[in-house]
>>> print(open('work.json').read())   # JSON, C-alpha atoms
[["chain", "number", "residue", "atom", "x", "y", "z"],
["A", 1, "MET", "CA", 15.32, 13.79, 4.78],
["A", 2, "GLY", "CA", 13.95, 11.08, 7.02],
["A", 3, "THR", "CA", 10.29, 10.93, 5.97],
["A", 4, "LEU", "CA", 7.81, 12.66, 3.70],
["A", 5, "HIS", "CA", 4.18, 12.85, 4.81],
["A", 6, "CYS", "CA", 1.62, 14.48, 2.49],
["A", 7, "THR", "CA", -2.11, 14.68, 3.04],
["A", 8, "ASN", "CA", -4.67, 16.31, 0.73],
["A", 9, "CYS", "CA", -2.13, 17.67, -1.76],
["A", 10, "THR", "CA", -3.63, 18.44, -5.17],
["A", 11, "ASN", "CA", -1.92, 19.55, -8.40],
["A", 12, "CYS", "CA", 1.55, 19.50, -6.82],
["A", 13, "THR", "CA", 4.97, 18.40, -8.04],
["A", 14, "PHE", "CA", 7.52, 17.05, -5.55],
["A", 15, "PHE", "CA", 11.26, 16.75, -6.23],
["A", 16, "THR", "CA", 13.12, 15.33, -3.25],
["A", 17, "GLY", "CA", 16.59, 14.14, -2.51],
["A", 18, "PRO", "CA", 16.98, 10.64, -1.09],
["A", 19, "ILE", "CA", 14.59, 9.87, 1.76],
["A", 20, "THR", "CA", 16.15, 7.50, 4.28],
["A", 21, "GLY", "CA", 12.80, 6.33, 5.62],
["A", 22, "SER", "CA", 9.38, 6.29, 4.05],
["A", 23, "ILE", "CA", 6.86, 8.43, 2.25],
["A", 24, "PHE", "CA", 3.22, 8.40, 3.25],
["A", 25, "LEU", "CA", 0.68, 9.91, 0.85],
["A", 26, "GLU", "CA", -3.01, 10.18, 1.57],
["A", 27, "ASN", "CA", -5.60, 11.80, -0.72],
["A", 28, "CYS", "CA", -2.92, 13.38, -2.92],
["A", 29, "ASN", "CA", -4.53, 13.81, -6.34],
["A", 30, "ASN", "CA", -3.29, 14.98, -9.75],
["A", 31, "SER", "CA", 0.29, 15.30, -8.50],
["A", 32, "THR", "CA", 3.74, 14.18, -9.60],
["A", 33, "TYR", "CA", 6.44, 12.72, -7.35],
["A", 34, "HIS", "CA", 10.16, 12.28, -8.05],
["A", 35, "VAL", "CA", 11.28, 10.27, -5.03],
["A", 36, "ALA", "CA", 13.87, 7.74, -3.86],
["A", 37, "CYS", "CA", 12.94, 6.13, -0.54],
["A", 38, "GLN", "CA", 13.06, 2.96, 1.50],
["A", 39, "GLN", "CA", 9.29, 2.48, 1.77],
["A", 40, "ALA", "CA", 6.22, 4.02, 0.11],
["A", 41, "ARG", "CA", 2.65, 3.99, 1.43],
["A", 42, "ILE", "CA", 0.01, 5.47, -0.85],
["A", 43, "HIS", "CA", -3.63, 5.65, 0.24],
["A", 44, "GLY", "CA", -6.73, 7.13, -1.41],
["A", 45, "THR", "CA", -4.75, 8.83, -4.17],
["A", 46, "CYS", "CA", -6.00, 9.36, -7.74],
["A", 47, "ASN", "CA", -4.36, 10.35, -11.03],
["A", 48, "ALA", "CA", -0.83, 10.74, -9.68],
["A", 49, "THR", "CA", 2.45, 10.05, -11.45],
["A", 50, "PHE", "CA", 5.43, 8.55, -9.63],
["A", 51, "TYR", "CA", 9.06, 8.46, -10.72],
["A", 52, "PHE", "CA", 10.23, 6.13, -7.98],
["A", 53, "HIS", "CA", 13.11, 4.20, -6.63],
["A", 54, "VAL", "CA", 11.79, 2.23, -3.65],
["A", 55, "SER", "CA", 13.89, -0.31, -1.71],
["A", 56, "SER", "CA", 10.87, -2.38, -0.65],
["A", 57, "ARG", "CA", 7.47, -3.10, -2.13],
["A", 58, "PRO", "CA", 5.16, -0.09, -1.99],
["A", 59, "ILE", "CA", 1.84, -0.36, -0.15],
["A", 60, "ILE", "CA", -0.97, 0.99, -2.36],
["A", 61, "GLU", "CA", -4.57, 1.01, -1.14],
["A", 62, "ASP", "CA", -7.79, 2.56, -2.49],
["A", 63, "CYS", "CA", -6.07, 4.34, -5.38],
["A", 64, "LYS", "CA", -6.84, 4.70, -9.07],
["A", 65, "GLY", "CA", -5.20, 6.20, -12.12],
["A", 66, "LEU", "CA", -1.63, 5.92, -10.81],
["A", 67, "LYS", "CA", 1.30, 5.90, -13.24],
["A", 68, "PHE", "CA", 4.80, 4.74, -12.42],
["A", 69, "GLY", "CA", 8.13, 5.34, -14.11],
["A", 70, "LYS", "CA", 11.81, 5.10, -13.40],
["A", 71, "ARG", "CA", 13.22, 7.88, -11.25],
["A", 72, "LYS", "CA", 15.48, 10.21, -13.18],
["A", 73, "GLN", "CA", 18.89, 10.98, -11.77],
["A", 74, "TRP", "CA", 18.35, 14.76, -11.72],
["A", 75, "TYR", "CA", 19.19, 15.04, -8.01],
["A", 76, "GLN", "CA", 22.69, 13.58, -8.25],
["A", 77, "ARG", "CA", 23.50, 15.75, -11.27],
["A", 78, "ARG", "CA", 22.25, 18.86, -9.48],
["A", 79, "VAL", "CA", 24.34, 18.13, -6.37],
["A", 80, "ARG", "CA", 27.46, 17.58, -8.50],
["A", 81, "ALA", "CA", 26.85, 20.79, -10.45],
["A", 82, "THR", "CA", 26.29, 22.79, -7.26],
["A", 83, "LEU", "CA", 29.44, 21.40, -5.63],
["A", 84, "LYS", "CA", 31.43, 22.18, -8.76],
["A", 85, "LEU", "CA", 30.28, 25.81, -8.58],
["A", 86, "LEU", "CA", 30.81, 26.15, -4.82],
["A", 87, "LEU", "CA", 34.06, 24.22, -4.40],
["A", 88, "PRO", "CA", 36.43, 27.08, -5.36],
["A", 89, "TYR", "CA", 34.54, 29.42, -3.02],
["A", 90, "LEU", "CA", 34.68, 26.91, -0.15],
["A", 91, "ILE", "CA", 38.39, 26.28, -0.64],
["A", 92, "PHE", "CA", 39.03, 30.04, -0.64],
["A", 93, "LYS", "CA", 37.00, 30.55, 2.54],
["A", 94, "LEU", "CA", 38.54, 27.55, 4.32],
["A", 95, "SER", "CA", 42.06, 28.80, 3.55],
["A", 96, "TRP", "CA", 41.41, 31.74, 5.90],
["A", 97, "ILE", "CA", 40.64, 29.48, 8.88],
["A", 98, "PRO", "CA", 43.70, 29.35, 11.18],
["A", 99, "CYS", "CA", 45.18, 25.97, 11.97],
["A", 100, "LEU", "CA", 44.77, 25.04, 15.62],
["A", 101, "CYS", "CA", 47.33, 22.26, 15.52]]
>>> encode(input="work.json", output="structure tokens")
Amino acid sequence: MGTLHCTNCTNCTFFTGPITGSIFLENCNNSTYHVACQQARIHGTCNATFYFHVSSRPIIEDCKGLKFGKRKQWYQRRVRATLKLLLPYLIFKLSWIPCLC
């Protein structure tokens, strides 16, 4: 995903894979974010919890009641588990593709 832009989200939980660009949050209250991104901009947000990995310093303006914690590695584990389940199926399906050499 390149960017995540949320405005006026309330009582939400976001789980994202790596975001190559930035997240922009405005007036997002009582929500939880599990995000890895390059840049974070948070404006007018209250009582939100962030499990972040951010490559640069986040920009936080006009916010209160924010909590921050270390991002859990759930995404990488989920991708590995999914690939482990799908790999035999993919190998089986790919074996039926004729070689065009």
>>> atom_distance(input="work.json", atom1="CA of Asn47 in chain A", atom2="CA of Gly2 in chain A")
25.7 Å
>>> atom_distance(input="work.json", atom1="CA of Glu26 in chain A", atom2="CA of Gln38 in chain A")
17.6 Å
>>> atom_distance(input="work.json", atom1="CA of Leu66 in chain A", atom2="CA of Ser22 in chain A")
18.5 Å
>>> closest_residue(input="work.json", among="A:Thr7, A:Cys63, A:Lys70, A:Gly17", to="Cys37 in chain A", atoms="all atoms listed in the file")
A:Gly17
>>> residues_around(input="work.json", residues="Phe14 in chain A", least_positions_apart="5", cutoff="9 Å", atoms="all atoms listed in the file", output="list in words")
Ser31, Thr32, Tyr33, His34 and Val35 of chain A
>>> closest_residue(input="work.json", among="A:Gln39, A:Met1, A:Tyr51, A:Gly44", to="Thr13 in chain A", atoms="all atoms listed in the file")
A:Tyr51
